[in-house]
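Dumped entry-v7.cif below, it's mmCIF, C-alpha atoms and all ligand atoms:
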```cif
data_final
#
loop_
_atom_site.label_atom_id
_atom_site.label_comp_id
_atom_site.auth_asym_id
_atom_site.auth_seq_id
_atom_site.Cartn_x
_atom_site.Cartn_y
_atom_site.Cartn_z
CA MET A 1402 245.31 -62.14 6.66
CA ARG A 1403 247.47 -59.46 8.29
CA ALA A 1404 246.19 -57.10 10.97
CA PHE A 1405 245.34 -53.50 10.16
CA GLU A 1406 243.86 -50.52 11.99
CA LEU A 1407 240.42 -49.22 10.96
CA TYR A 1408 239.21 -45.70 11.80
CA ASP A 1409 235.64 -44.46 11.31
CA ALA A 1410 236.04 -40.83 10.29
CA THR A 1411 233.00 -38.66 11.03
CA THR A 1412 234.04 -35.48 9.22
CA VAL A 1413 236.16 -34.68 6.18
CA GLU A 1414 238.52 -32.71 8.44
CA GLY A 1415 238.79 -35.74 10.76
CA ALA A 1416 239.70 -38.00 7.82
CA VAL A 1417 242.33 -35.49 6.67
CA GLU A 1418 243.78 -35.39 10.19
CA LEU A 1419 243.99 -39.20 10.23
CA LEU A 1420 245.82 -39.09 6.88
CA ARG A 1421 248.25 -36.52 8.31
CA LYS A 1422 248.89 -38.50 11.51
CA ASN A 1423 249.55 -41.70 9.55
CA SER A 1424 251.55 -40.18 6.70
CA ASP A 1425 254.55 -42.47 7.33
CA ARG A 1426 252.41 -45.64 7.08
CA ALA A 1427 250.58 -47.45 4.25
CA VAL A 1428 247.19 -45.77 4.63
CA LYS A 1429 244.10 -46.07 2.42
CA VAL A 1430 240.62 -44.61 2.50
CA VAL A 1431 237.81 -47.12 2.14
CA GLY A 1432 234.23 -46.83 0.86
CA GLY A 1433 232.12 -49.99 0.72
CA GLY A 1434 235.28 -52.11 0.78
CA SER A 1435 234.04 -54.39 -2.02
CA ASP A 1436 237.38 -54.13 -3.75
CA LEU A 1437 239.78 -53.12 -1.01
CA ILE A 1438 238.63 -55.32 1.90
CA GLY A 1439 238.10 -58.34 -0.35
CA GLY A 1440 241.68 -57.96 -1.54
CA MET A 1441 243.07 -57.52 1.97
CA MET A 1442 241.17 -60.51 3.36
CA LYS A 1443 242.14 -63.04 0.76
CA ASP A 1444 244.34 -62.07 -2.14
CA TRP A 1445 246.29 -58.84 -1.60
CA VAL A 1446 249.10 -58.96 -4.08
CA HIS A 1447 252.30 -57.53 -2.67
CA GLY A 1448 254.87 -55.49 -4.48
CA LYS A 1449 257.19 -52.56 -3.83
CA GLY A 1450 254.52 -50.27 -5.30
CA LEU A 1451 251.62 -52.03 -3.58
CA PRO A 1452 252.28 -52.32 0.15
CA PHE A 1453 249.70 -54.02 2.37
CA PRO A 1454 247.64 -51.27 4.05
CA ASP A 1455 248.40 -50.74 7.77
CA VAL A 1456 245.63 -48.19 8.26
CA LEU A 1457 242.16 -47.85 6.73
CA ILE A 1458 240.01 -44.73 7.06
CA ASP A 1459 236.31 -45.42 6.52
CA LEU A 1460 234.59 -42.62 4.58
CA THR A 1461 231.08 -44.09 4.75
CA THR A 1462 230.77 -42.84 8.34
CA ILE A 1463 231.08 -39.21 7.14
CA LYS A 1464 227.49 -37.98 6.80
CA ASP A 1465 228.42 -35.11 4.45
CA LEU A 1466 229.67 -37.63 1.89
CA THR A 1467 226.51 -39.73 1.78
CA SER A 1468 224.03 -37.39 0.10
CA ILE A 1469 222.99 -36.38 -3.40
CA SER A 1470 221.88 -32.86 -4.22
CA VAL A 1471 220.41 -32.20 -7.66
CA GLY A 1472 220.31 -28.53 -8.64
CA ASP A 1473 222.08 -26.00 -10.87
CA THR A 1474 225.18 -28.00 -10.10
CA THR A 1475 224.58 -31.56 -9.04
CA SER A 1476 226.71 -32.86 -6.19
CA ILE A 1477 227.11 -36.52 -5.24
CA GLY A 1478 229.03 -37.50 -2.13
CA ALA A 1479 231.84 -39.98 -2.70
CA ALA A 1480 230.36 -42.35 -0.09
CA VAL A 1481 226.96 -42.51 -1.80
CA THR A 1482 226.27 -46.11 -2.82
CA LEU A 1483 225.74 -47.06 -6.46
CA SER A 1484 222.21 -48.20 -5.54
CA ASP A 1485 221.50 -44.71 -4.16
CA VAL A 1486 222.67 -43.33 -7.52
CA THR A 1487 220.37 -45.63 -9.49
CA ASP A 1488 217.42 -45.01 -7.12
CA SER A 1489 217.69 -41.20 -7.19
CA LYS A 1490 214.68 -39.69 -8.97
CA GLY A 1491 216.62 -36.44 -9.50
CA LEU A 1492 219.52 -38.27 -11.19
CA GLN A 1493 217.14 -40.43 -13.24
CA ASP A 1494 215.49 -37.28 -14.62
CA LYS A 1495 218.61 -35.22 -15.24
CA PHE A 1496 221.40 -37.71 -15.87
CA PRO A 1497 219.90 -40.98 -17.17
CA LEU A 1498 223.32 -41.72 -18.64
CA LEU A 1499 224.95 -41.86 -15.19
CA VAL A 1500 222.09 -43.93 -13.80
CA ALA A 1501 222.37 -46.42 -16.68
CA ALA A 1502 226.14 -46.70 -16.19
CA ALA A 1503 225.77 -47.23 -12.42
CA GLN A 1504 223.03 -49.79 -13.06
CA SER A 1505 225.42 -51.74 -15.30
CA VAL A 1506 228.04 -52.12 -12.54
CA ALA A 1507 228.50 -55.56 -10.97
CA SER A 1508 225.52 -57.07 -9.10
CA PRO A 1509 222.75 -55.61 -6.88
CA LEU A 1510 224.66 -56.81 -3.79
CA ILE A 1511 227.85 -54.94 -4.77
CA ARG A 1512 225.89 -51.84 -5.83
CA ASN A 1513 224.21 -51.84 -2.41
CA PHE A 1514 227.49 -51.25 -0.61
CA GLY A 1515 229.96 -50.17 -3.32
CA THR A 1516 230.28 -46.38 -3.36
CA LEU A 1517 230.67 -43.89 -6.18
CA GLY A 1518 234.10 -42.88 -4.84
CA GLY A 1519 235.18 -46.51 -4.65
CA ASN A 1520 233.94 -47.20 -8.15
CA VAL A 1521 235.73 -44.24 -9.74
CA ASN A 1522 238.94 -44.92 -7.79
CA GLN A 1523 239.01 -48.74 -7.89
CA ARG A 1524 242.25 -50.41 -8.95
CA PRO A 1525 242.54 -52.13 -12.36
CA ARG A 1526 241.44 -55.67 -13.06
CA CYS A 1527 244.42 -56.79 -15.17
CA TRP A 1528 244.79 -60.47 -14.26
CA PHE A 1529 248.55 -60.19 -13.98
CA PHE A 1530 248.21 -57.25 -11.57
CA ARG A 1531 245.75 -59.30 -9.51
CA GLY A 1532 247.82 -62.47 -9.71
CA GLU A 1533 250.46 -63.09 -7.05
CA ASP A 1534 253.07 -64.55 -9.39
CA PHE A 1535 253.48 -61.44 -11.54
CA ASN A 1536 255.55 -58.60 -10.16
CA CYS A 1537 254.63 -56.19 -12.95
CA TYR A 1538 255.30 -52.45 -13.34
CA LYS A 1539 252.09 -51.55 -11.56
CA LYS A 1540 253.20 -53.37 -8.42
CA GLY A 1541 256.64 -51.76 -8.57
CA GLY A 1542 258.25 -54.50 -10.68
CA ASP A 1543 260.04 -54.24 -13.99
CA PHE A 1544 257.89 -55.93 -16.65
CA CYS A 1545 254.46 -55.83 -18.23
CA TYR A 1546 253.24 -59.42 -18.61
CA ALA A 1547 250.38 -58.34 -20.90
CA VAL A 1548 252.85 -57.57 -23.70
CA THR A 1549 253.83 -61.20 -24.16
CA GLY A 1550 250.95 -62.87 -22.29
CA ASP A 1551 247.18 -63.11 -22.69
CA ASN A 1552 246.11 -59.55 -23.50
CA ARG A 1553 242.61 -60.17 -24.85
CA TYR A 1554 241.03 -57.71 -22.38
CA HIS A 1555 243.76 -55.09 -22.38
CA ALA A 1556 244.07 -51.61 -23.87
CA ILE A 1557 243.74 -50.79 -27.54
CA ILE A 1558 244.33 -47.06 -27.11
CA GLY A 1559 246.93 -45.22 -25.05
CA GLY A 1560 248.64 -48.27 -23.58
CA GLU A 1561 252.30 -47.67 -23.00
CA LEU A 1562 254.48 -49.39 -20.41
CA CYS A 1563 251.26 -50.75 -18.82
CA TYR A 1564 248.16 -51.77 -20.82
CA ILE A 1565 245.35 -51.83 -18.25
CA VAL A 1566 241.89 -50.65 -19.13
CA HIS A 1567 240.21 -48.36 -16.64
CA PRO A 1568 237.54 -50.55 -14.97
CA SER A 1569 235.01 -47.94 -13.80
CA ASP A 1570 231.70 -47.61 -15.65
CA THR A 1571 230.64 -44.53 -13.70
CA ALA A 1572 233.94 -42.78 -14.53
CA THR A 1573 233.24 -43.18 -18.26
CA ALA A 1574 229.74 -41.70 -17.85
CA LEU A 1575 230.95 -38.85 -15.63
CA LEU A 1576 233.63 -37.90 -18.16
CA ALA A 1577 230.92 -37.64 -20.84
CA LEU A 1578 228.95 -35.38 -18.46
CA ASN A 1579 231.96 -33.08 -17.95
CA ALA A 1580 232.04 -33.78 -14.20
CA LYS A 1581 234.70 -32.70 -11.76
CA ALA A 1582 236.11 -34.26 -8.60
CA LYS A 1583 236.27 -32.38 -5.33
CA ILE A 1584 239.34 -33.45 -3.42
CA ALA A 1585 240.35 -33.00 0.23
CA GLY A 1586 243.81 -33.68 1.59
CA VAL A 1587 246.61 -32.75 3.96
CA GLY A 1588 247.78 -30.02 1.56
CA GLY A 1589 244.27 -28.47 1.29
CA SER A 1590 241.27 -28.89 -0.99
CA ARG A 1591 241.15 -28.70 -4.77
CA ASP A 1592 238.84 -29.39 -7.69
CA VAL A 1593 239.98 -31.38 -10.71
CA ALA A 1594 237.91 -31.82 -13.87
CA PHE A 1595 237.47 -35.44 -14.92
CA ASP A 1596 239.25 -34.38 -18.14
CA SER A 1597 242.50 -34.32 -16.16
CA TYR A 1598 241.65 -36.49 -13.12
CA PHE A 1599 242.80 -39.80 -14.66
CA ILE A 1600 246.44 -40.32 -15.56
CA GLY A 1601 248.13 -42.81 -17.83
CA PRO A 1602 251.04 -45.12 -17.00
CA ARG A 1603 253.68 -42.79 -18.46
CA GLU A 1604 252.75 -40.14 -15.93
CA ASP A 1605 252.82 -42.59 -13.00
CA VAL A 1606 252.47 -46.32 -13.49
CA LEU A 1607 251.66 -46.88 -9.79
CA ARG A 1608 248.37 -44.95 -9.80
CA GLU A 1609 245.45 -44.26 -12.11
CA ASN A 1610 244.47 -40.75 -11.04
CA VAL A 1611 245.90 -37.50 -9.70
CA LEU A 1612 245.15 -38.26 -6.04
CA LYS A 1613 248.21 -38.08 -3.82
CA LYS A 1614 248.69 -40.56 -0.98
CA ASP A 1615 247.23 -38.07 1.51
CA GLU A 1616 244.19 -37.03 -0.54
CA PHE A 1617 240.74 -38.45 -1.27
CA MET A 1618 237.68 -37.61 -3.34
CA THR A 1619 234.86 -36.03 -1.34
CA HIS A 1620 232.25 -35.32 -4.04
CA VAL A 1621 231.58 -35.47 -7.72
CA GLU A 1622 230.01 -32.38 -9.24
CA ILE A 1623 228.17 -32.35 -12.57
CA PRO A 1624 227.13 -29.17 -14.38
CA ASN A 1625 223.60 -28.81 -15.69
CA PRO A 1626 223.37 -30.24 -19.19
CA ALA A 1627 222.42 -27.72 -21.91
CA SER A 1628 218.75 -27.84 -22.79
CA GLY A 1629 217.94 -30.59 -25.28
CA THR A 1630 221.06 -32.63 -24.49
CA LYS A 1631 220.81 -36.19 -25.84
CA MET A 1632 222.39 -38.94 -23.76
CA ALA A 1633 222.90 -42.69 -24.02
CA TRP A 1634 224.98 -45.52 -22.54
CA ASN A 1635 225.91 -48.95 -23.87
CA LYS A 1636 228.20 -51.57 -22.41
CA LEU A 1637 229.27 -54.75 -24.11
CA LYS A 1638 230.47 -57.56 -21.87
CA ASP A 1639 231.44 -61.20 -22.18
CA ARG A 1640 228.79 -62.47 -19.78
CA GLN A 1641 225.30 -61.06 -19.42
CA VAL A 1642 225.38 -61.44 -15.64
CA TYR A 1643 227.73 -59.02 -13.90
CA ASP A 1644 230.93 -58.31 -15.77
CA PHE A 1645 233.35 -55.52 -16.58
CA ALA A 1646 233.08 -53.77 -19.94
CA LEU A 1647 234.78 -55.23 -22.97
CA THR A 1648 233.94 -51.81 -24.31
CA SER A 1649 231.44 -49.22 -23.13
CA VAL A 1650 230.33 -45.96 -24.70
CA ALA A 1651 228.75 -42.87 -23.13
CA VAL A 1652 227.46 -39.98 -25.21
CA ALA A 1653 226.05 -36.56 -24.26
CA PHE A 1654 225.54 -34.01 -27.02
CA THR A 1655 223.46 -31.13 -28.29
CA MET A 1656 222.11 -30.65 -31.81
CA ASP A 1657 221.46 -27.87 -34.26
CA GLY A 1658 218.59 -29.25 -36.29
CA ASN A 1659 219.81 -32.68 -37.36
CA ASN A 1660 223.46 -31.73 -36.95
CA TRP A 1661 225.97 -32.35 -34.18
CA LYS A 1662 226.51 -29.10 -32.28
CA ASP A 1663 228.60 -29.90 -29.25
CA GLY A 1664 229.21 -32.81 -26.91
CA ARG A 1665 231.26 -35.73 -25.76
CA ILE A 1666 231.75 -39.36 -26.70
CA THR A 1667 233.65 -41.38 -24.11
CA LEU A 1668 234.76 -45.00 -24.02
CA GLY A 1669 235.46 -47.45 -21.21
CA GLY A 1670 237.34 -50.75 -21.43
CA VAL A 1671 239.72 -49.57 -24.13
CA SER A 1672 242.38 -47.43 -22.47
CA PRO A 1673 244.22 -46.97 -19.13
CA VAL A 1674 242.01 -43.91 -18.58
CA PRO A 1675 238.34 -43.34 -19.41
CA TYR A 1676 238.86 -42.27 -23.01
CA ARG A 1677 237.34 -39.25 -24.77
CA ALA A 1678 237.01 -40.00 -28.48
CA LYS A 1679 237.69 -36.47 -29.76
CA VAL A 1680 238.55 -37.89 -33.14
CA VAL A 1681 234.92 -39.05 -33.51
CA GLU A 1682 233.45 -35.84 -32.06
CA ASP A 1683 235.51 -33.79 -34.55
CA ALA A 1684 234.31 -35.91 -37.45
CA LEU A 1685 230.67 -35.16 -36.47
CA LYS A 1686 231.01 -31.46 -35.71
CA GLY A 1687 228.42 -29.43 -37.66
CA LYS A 1688 227.34 -32.46 -39.69
CA ASP A 1689 224.12 -34.38 -40.08
CA ILE A 1690 224.47 -37.06 -37.42
CA LYS A 1691 222.55 -39.93 -38.99
CA GLY A 1692 224.22 -39.48 -42.38
CA ASN A 1693 227.73 -39.32 -40.96
CA ILE A 1694 227.84 -41.45 -37.82
CA LYS A 1695 229.18 -44.60 -39.48
CA GLN A 1696 232.22 -42.87 -41.02
CA ALA A 1697 232.74 -40.75 -37.90
CA ALA A 1698 232.68 -43.80 -35.58
CA ALA A 1699 235.21 -45.53 -37.85
CA GLN A 1700 237.67 -42.74 -37.01
CA ILE A 1701 238.35 -44.60 -33.76
CA ARG A 1702 240.43 -46.98 -35.89
CA THR A 1703 242.94 -44.20 -36.57
CA VAL A 1704 243.91 -43.94 -32.88
CA ALA A 1705 243.68 -47.65 -31.95
CA ARG A 1706 246.89 -49.70 -31.51
CA PRO A 1707 245.63 -53.17 -30.59
CA MET A 1708 247.82 -55.82 -29.00
CA SER A 1709 248.28 -59.40 -30.23
CA LEU A 1710 244.89 -60.74 -29.00
CA ASN A 1711 242.52 -57.78 -28.80
CA ALA A 1712 242.05 -56.32 -32.30
CA TYR A 1713 238.40 -57.47 -32.00
CA LYS A 1714 237.87 -54.58 -29.57
CA VAL A 1715 238.51 -52.03 -32.32
CA ASP A 1716 235.53 -53.37 -34.29
CA ILE A 1717 233.42 -53.39 -31.12
CA ALA A 1718 234.37 -49.79 -30.31
CA ALA A 1719 233.45 -48.52 -33.79
CA GLY A 1720 230.14 -50.41 -33.78
CA LEU A 1721 229.22 -49.44 -30.23
CA ILE A 1722 229.92 -45.74 -30.81
CA GLU A 1723 227.60 -45.79 -33.81
CA ARG A 1724 224.90 -47.67 -31.93
CA THR A 1725 225.08 -45.42 -28.86
CA VAL A 1726 224.85 -42.17 -30.81
CA LEU A 1727 221.82 -43.55 -32.70
CA ASP A 1728 220.29 -44.71 -29.40
CA ALA A 1729 220.61 -41.15 -28.09
CA LEU A 1730 218.68 -39.96 -31.15
CA GLY A 1731 216.01 -42.54 -30.36
CA ASN A 1732 216.71 -44.61 -33.49
C1 LIG A 1801 232.30 -59.38 -9.03
C2 LIG A 1801 232.55 -57.92 -9.29
C3 LIG A 1801 232.08 -57.36 -10.46
C4 LIG A 1801 232.31 -56.01 -10.72
N1 LIG A 1801 231.85 -55.46 -11.89
C5 LIG A 1801 232.03 -54.14 -12.13
C6 LIG A 1801 231.54 -53.53 -13.31
O1 LIG A 1801 230.92 -54.17 -14.15
N2 LIG A 1801 231.78 -52.21 -13.49
C7 LIG A 1801 232.45 -51.45 -12.58
O2 LIG A 1801 232.61 -50.25 -12.79
N3 LIG A 1801 232.93 -52.02 -11.46
C8 LIG A 1801 232.73 -53.32 -11.21
N4 LIG A 1801 233.20 -53.89 -10.07
C9 LIG A 1801 233.93 -53.07 -9.15
C10 LIG A 1801 233.00 -52.54 -8.09
O3 LIG A 1801 232.08 -51.71 -8.67
C11 LIG A 1801 233.85 -51.81 -7.14
O4 LIG A 1801 234.46 -52.80 -6.37
C12 LIG A 1801 233.06 -50.89 -6.25
O5 LIG A 1801 232.35 -49.94 -6.98
C13 LIG A 1801 234.03 -50.19 -5.39
O6 LIG A 1801 233.29 -49.48 -4.43
P1 LIG A 1801 233.68 -49.62 -2.89
O7 LIG A 1801 233.05 -48.43 -2.24
O8 LIG A 1801 233.33 -50.94 -2.35
O9 LIG A 1801 235.26 -49.43 -2.99
P2 LIG A 1801 236.40 -49.81 -1.96
O10 LIG A 1801 236.71 -51.25 -2.06
O11 LIG A 1801 236.06 -49.26 -0.63
O12 LIG A 1801 237.59 -48.96 -2.58
C14 LIG A 1801 238.11 -49.23 -3.85
C15 LIG A 1801 239.35 -48.36 -4.08
O13 LIG A 1801 238.99 -47.00 -4.17
C16 LIG A 1801 239.64 -46.23 -3.15
N5 LIG A 1801 238.63 -45.28 -2.69
C17 LIG A 1801 237.41 -45.55 -2.18
N6 LIG A 1801 236.74 -44.39 -1.94
C18 LIG A 1801 237.56 -43.39 -2.30
C19 LIG A 1801 237.46 -41.96 -2.29
N7 LIG A 1801 236.35 -41.35 -1.86
N8 LIG A 1801 238.52 -41.23 -2.72
C20 LIG A 1801 239.64 -41.85 -3.16
N9 LIG A 1801 239.80 -43.19 -3.20
C21 LIG A 1801 238.77 -43.95 -2.78
C22 LIG A 1801 240.06 -47.22 -2.08
O14 LIG A 1801 241.20 -46.77 -1.37
C23 LIG A 1801 240.36 -48.45 -2.93
O15 LIG A 1801 241.65 -48.38 -3.48
C24 LIG A 1801 233.00 -55.22 -9.79
C25 LIG A 1801 233.47 -55.79 -8.60
C26 LIG A 1801 233.25 -57.12 -8.35
C27 LIG A 1801 233.76 -57.70 -7.07
S1 LIG A 1802 249.02 -54.24 -18.06
FE1 LIG A 1802 249.79 -53.07 -16.31
S2 LIG A 1802 248.88 -54.07 -14.56
FE2 LIG A 1802 248.81 -55.55 -16.28
S3 LIG A 1802 250.75 -56.71 -16.24
FE3 LIG A 1802 251.10 -54.95 -17.55
S4 LIG A 1802 252.00 -53.45 -16.11
FE4 LIG A 1802 250.92 -54.95 -14.87
#
```

I'd like the structure from this file rewritten - as structure tokens, please.
Amino acid sequence: MRAFELYDATTVEGAVELLRKNSDRAVKVVGGGSDLIGGMMKDWVHGKGLPFPDVLIDLTTIKDLTSISVGDTTSIGAAVTLSDVTDSKGLQDKFPLLVAAAQSVASPLIRNFGTLGGNVNQRPRCWFFRGEDFNCYKKGGDFCYAVTGDNRYHAIIGGELCYIVHPSDTATALLALNAKAKIAGVGGSRDVAFDSYFIGPREDVLRENVLKKDEFMTHVEIPNPASGTKMAWNKLKDRQVYDFALTSVAVAFTMDGNNWKDGRITLGGVSPVPYRAKVVEDALKGKDIKGNIKQAAAQIRTVARPMSLNAYKVDIAAGLIERTVLDALGN
């Protein structure tokens, strides 16, 4: 393991100052470290686009980032642990979808120290990306090994150049809840809706979101759901102990009688970004949900472009969308 410097920031401004001072070095912010520190201690995979970090800035020592406030707008600090999310009475009452998604992440041990910011911003799990013998596009190389290799867990929608699936369960739920990220950085602060926070490989294959090297997420904000909003979460995985999603579905919608009024259906495990299935939402708009959900969910097939070994995921996605919408109705 190589040496690195670790700084405990105590304020957001202090963390920004550390980013500014170290702008010419490979610097990373760290939450619980369950992904980042594990990688650095044993299996950091080098590449031109993935330098070994020289400097780590701990965000969990910033008190402002460790609290949850549930109100007209709900704010969750990026350094809040996933267990704090699942244990929050306010979040359980208002956003059971987010709590269910957080509860489905990894194991109790990892949820006890993994943070919301770390979960949303974690790097992909593609086994070529994580394997030292594959200098793929995402590490700054010149090939995607998933195209000709074992791509059973890769993208079925929106893959291009690189075919990762976004690994974060909470990101999928937060997209369904129309959340936004609050960002601090050397160039100032900004807010970015989750609708545009995640970026695909064509935009920049070396990262998965809009954060620049000298920026980090401070909070996630979620607007109040409209009264009567129905929500549900389902995640299908290979193993029933901890595992990443083969496919997950989050739904949050309002109704007019028995009909779909407005809302979101989002999918994890299928695309390089948490994916909003507008094609399914459009097929439900103004229609009786129960009578139309099967045909509407099947619309996901029109946007899917599976690879050689993962066409099974298209069937899973269609079935899981249908099941999750019906779950939200209580059926
Ligand atoms: C065995 C195992 C199973 C897992 N299963 C699942 C699963 O089923 N579902 C799932 O969603 N995840 C899963 N994970 C991933 C796990 O949830 C993440 O490792 C964890 O949530 C990351 O949180 P952390 O605070 O420890 O992140 P860290 O390791 O501290 O950071 C992860 C990445 O995010 C960046 N980062 C951290 N905080 C911020 C911030 N505030 N702003 C910007 N960037 C930031 C870091 O620089 C780093 O690149 C699993 C992990 C393991 C090891
Ligand atoms: S899918 Fe992406 S991360 Fe995986 S090998 Fe291809 S380029 Fe690399």

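Comparing A:Thr1667, A:Thr1619, A:Thr1655, A:Ser1672 by their smallest distance to ligand LIG 1802 (chain A), the closest is A:Ser1672 (using only C-alpha atoms and all ligand atoms).
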
Wanna dump the region 1693-1715 of chain A-region 1563-1579 of chain A contacts at 12 Å for me, each residue with its shortest atom pair and the distance in Å to one decimal, counting all atoms listed in the file, ordered by chain and number, as JSON lines?
```
{"residue": "A:Arg1706", "atom": "CA", "partner": "A:Tyr1564", "partner_atom": "CA", "distance": 11.0}
{"residue": "A:Pro1707", "atom": "CA", "partner": "A:Tyr1564", "partner_atom": "CA", "distance": 10.2}
{"residue": "A:Met1708", "atom": "CA", "partner": "A:Tyr1564", "partner_atom": "CA", "distance": 9.1}
{"residue": "A:Asn1711", "atom": "CA", "partner": "A:Tyr1564", "partner_atom": "CA", "distance": 11.5}
{"residue": "A:Lys1714", "atom": "CA", "partner": "A:Val1566", "partner_atom": "CA", "distance": 11.9}
```

Once you count all atoms listed in the file, which residues end up no further than 12 Å from (248.8, -48.4, -17.9) in the file's frame, shown as a compact mmCIF listing (two decimals) with C-alpha atoms, keeping the file's coordinate frame?
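Listing of part-v6.txt after writing:
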```
# COMPACT_ATOMS: atom_id res chain seq x y z
CA ARG A 1524 242.25 -50.41 -8.95
CA PRO A 1525 242.54 -52.13 -12.36
CA ARG A 1526 241.44 -55.67 -13.06
CA CYS A 1527 244.42 -56.79 -15.17
CA PHE A 1530 248.21 -57.25 -11.57
CA CYS A 1537 254.63 -56.19 -12.95
CA TYR A 1538 255.30 -52.45 -13.34
CA LYS A 1539 252.09 -51.55 -11.56
CA LYS A 1540 253.20 -53.37 -8.42
CA PHE A 1544 257.89 -55.93 -16.65
CA CYS A 1545 254.46 -55.83 -18.23
CA TYR A 1546 253.24 -59.42 -18.61
CA ALA A 1547 250.38 -58.34 -20.90
CA VAL A 1548 252.85 -57.57 -23.70
CA HIS A 1555 243.76 -55.09 -22.38
CA ALA A 1556 244.07 -51.61 -23.87
CA ILE A 1557 243.74 -50.79 -27.54
CA ILE A 1558 244.33 -47.06 -27.11
CA GLY A 1559 246.93 -45.22 -25.05
CA GLY A 1560 248.64 -48.27 -23.58
CA GLU A 1561 252.30 -47.67 -23.00
CA LEU A 1562 254.48 -49.39 -20.41
CA CYS A 1563 251.26 -50.75 -18.82
CA TYR A 1564 248.16 -51.77 -20.82
CA ILE A 1565 245.35 -51.83 -18.25
CA VAL A 1566 241.89 -50.65 -19.13
CA HIS A 1567 240.21 -48.36 -16.64
CA PRO A 1568 237.54 -50.55 -14.97
CA PHE A 1599 242.80 -39.80 -14.66
CA ILE A 1600 246.44 -40.32 -15.56
CA GLY A 1601 248.13 -42.81 -17.83
CA PRO A 1602 251.04 -45.12 -17.00
CA ARG A 1603 253.68 -42.79 -18.46
CA GLU A 1604 252.75 -40.14 -15.93
CA ASP A 1605 252.82 -42.59 -13.00
CA VAL A 1606 252.47 -46.32 -13.49
CA LEU A 1607 251.66 -46.88 -9.79
CA ARG A 1608 248.37 -44.95 -9.80
CA GLU A 1609 245.45 -44.26 -12.11
CA ASN A 1610 244.47 -40.75 -11.04
CA VAL A 1671 239.72 -49.57 -24.13
CA SER A 1672 242.38 -47.43 -22.47
CA PRO A 1673 244.22 -46.97 -19.13
CA VAL A 1674 242.01 -43.91 -18.58
CA PRO A 1675 238.34 -43.34 -19.41
```

Quick one: residues within 8 Å of ligand LIG 1801 (chain A), with all atoms listed in the file, as a count of residues only? 50

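Across A:Ser1597, A:Gln1641, A:Thr1549, A:Asn1660, the tightest approach to ligand LIG 1802 (chain A) is made by A:Thr1549 when counting all atoms listed in the file.
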
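Coordinates place CA of Ala1404 (chain A) at a distance of 18.8 Å from CA of Lys1422 (chain A).
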
As lines of an AutoDock Vina configuration file: centre and edge lengths in Å, one decimal, of the axis-aligned box holding region 1581-1593 of chain A with 4 Å per side:
```
center_x = 241.2
center_y = -31.4
center_z = -3.9
size_x = 21.1
size_y = 13.8
size_z = 23.7
```

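Proximity to Val1446 (chain A) was assessed for A:Met1402, A:Ile1666, A:Ala1410, A:Val1428 counting all atoms listed in the file; the smallest distance is recorded for A:Met1402.
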
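Closest approach to ligand LIG 1802 (chain A) among A:Asp1425, A:Asn1513, A:Asn1552, A:Val1481 is made by A:Asn1552 (distances from all atoms listed in the file).
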
Long-range neighbours of region 1622-1639 of chain A as a JSON list (two decimals) with C-alpha atoms, in the frame of the given file, 7 Å cut-off, all atoms listed in the file, 6 positions minimum in chain:
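Writing the result to part35.json gives the following:
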```json
[["chain", "number", "residue", "atom", "x", "y", "z"],
["A", 1473, "ASP", "CA", 222.08, -26.00, -10.87],
["A", 1474, "THR", "CA", 225.18, -28.00, -10.10],
["A", 1475, "THR", "CA", 224.58, -31.56, -9.04],
["A", 1476, "SER", "CA", 226.71, -32.86, -6.19],
["A", 1477, "ILE", "CA", 227.11, -36.52, -5.24],
["A", 1498, "LEU", "CA", 223.32, -41.72, -18.64],
["A", 1501, "ALA", "CA", 222.37, -46.42, -16.68],
["A", 1502, "ALA", "CA", 226.14, -46.70, -16.19],
["A", 1578, "LEU", "CA", 228.95, -35.38, -18.46],
["A", 1579, "ASN", "CA", 231.96, -33.08, -17.95],
["A", 1580, "ALA", "CA", 232.04, -33.78, -14.20],
["A", 1581, "LYS", "CA", 234.70, -32.70, -11.76],
["A", 1582, "ALA", "CA", 236.11, -34.26, -8.60],
["A", 1645, "PHE", "CA", 233.35, -55.52, -16.58],
["A", 1646, "ALA", "CA", 233.08, -53.77, -19.94],
["A", 1647, "LEU", "CA", 234.78, -55.23, -22.97],
["A", 1648, "THR", "CA", 233.94, -51.81, -24.31],
["A", 1649, "SER", "CA", 231.44, -49.22, -23.13],
["A", 1650, "VAL", "CA", 230.33, -45.96, -24.70],
["A", 1651, "ALA", "CA", 228.75, -42.87, -23.13],
["A", 1652, "VAL", "CA", 227.46, -39.98, -25.21],
["A", 1653, "ALA", "CA", 226.05, -36.56, -24.26],
["A", 1654, "PHE", "CA", 225.54, -34.01, -27.02],
["A", 1655, "THR", "CA", 223.46, -31.13, -28.29],
["A", 1725, "THR", "CA", 225.08, -45.42, -28.86],
["A", 1728, "ASP", "CA", 220.29, -44.71, -29.40],
["A", 1729, "ALA", "CA", 220.61, -41.15, -28.09],
["A", 1730, "LEU", "CA", 218.68, -39.96, -31.15]]
```

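Those residues that approach Gly1658 (chain A) to within 10 Å, counting all atoms listed in the file, are Gly1687, Lys1688, Asp1689 and Ile1690 of chain A; same-chain residues fewer than 6 positions away are not listed.
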
Non-local contacts of Glu1414 (chain A) (10 Å; only C-alpha atoms; under 2 positions in same chain excluded) as a tab-separated table (two decimals) with C-alpha atoms, in the frame of the given file:
```
chain	number	residue	atom	x	y	z
A	1410	ALA	CA	236.04	-40.83	10.29
A	1411	THR	CA	233.00	-38.66	11.03
A	1412	THR	CA	234.04	-35.48	9.22
A	1416	ALA	CA	239.70	-38.00	7.82
A	1417	VAL	CA	242.33	-35.49	6.67
A	1418	GLU	CA	243.78	-35.39	10.19
A	1419	LEU	CA	243.99	-39.20	10.23
A	1420	LEU	CA	245.82	-39.09	6.88
A	1463	ILE	CA	231.08	-39.21	7.14
A	1585	ALA	CA	240.35	-33.00	0.23
A	1586	GLY	CA	243.81	-33.68	1.59
A	1587	VAL	CA	246.61	-32.75	3.96
```
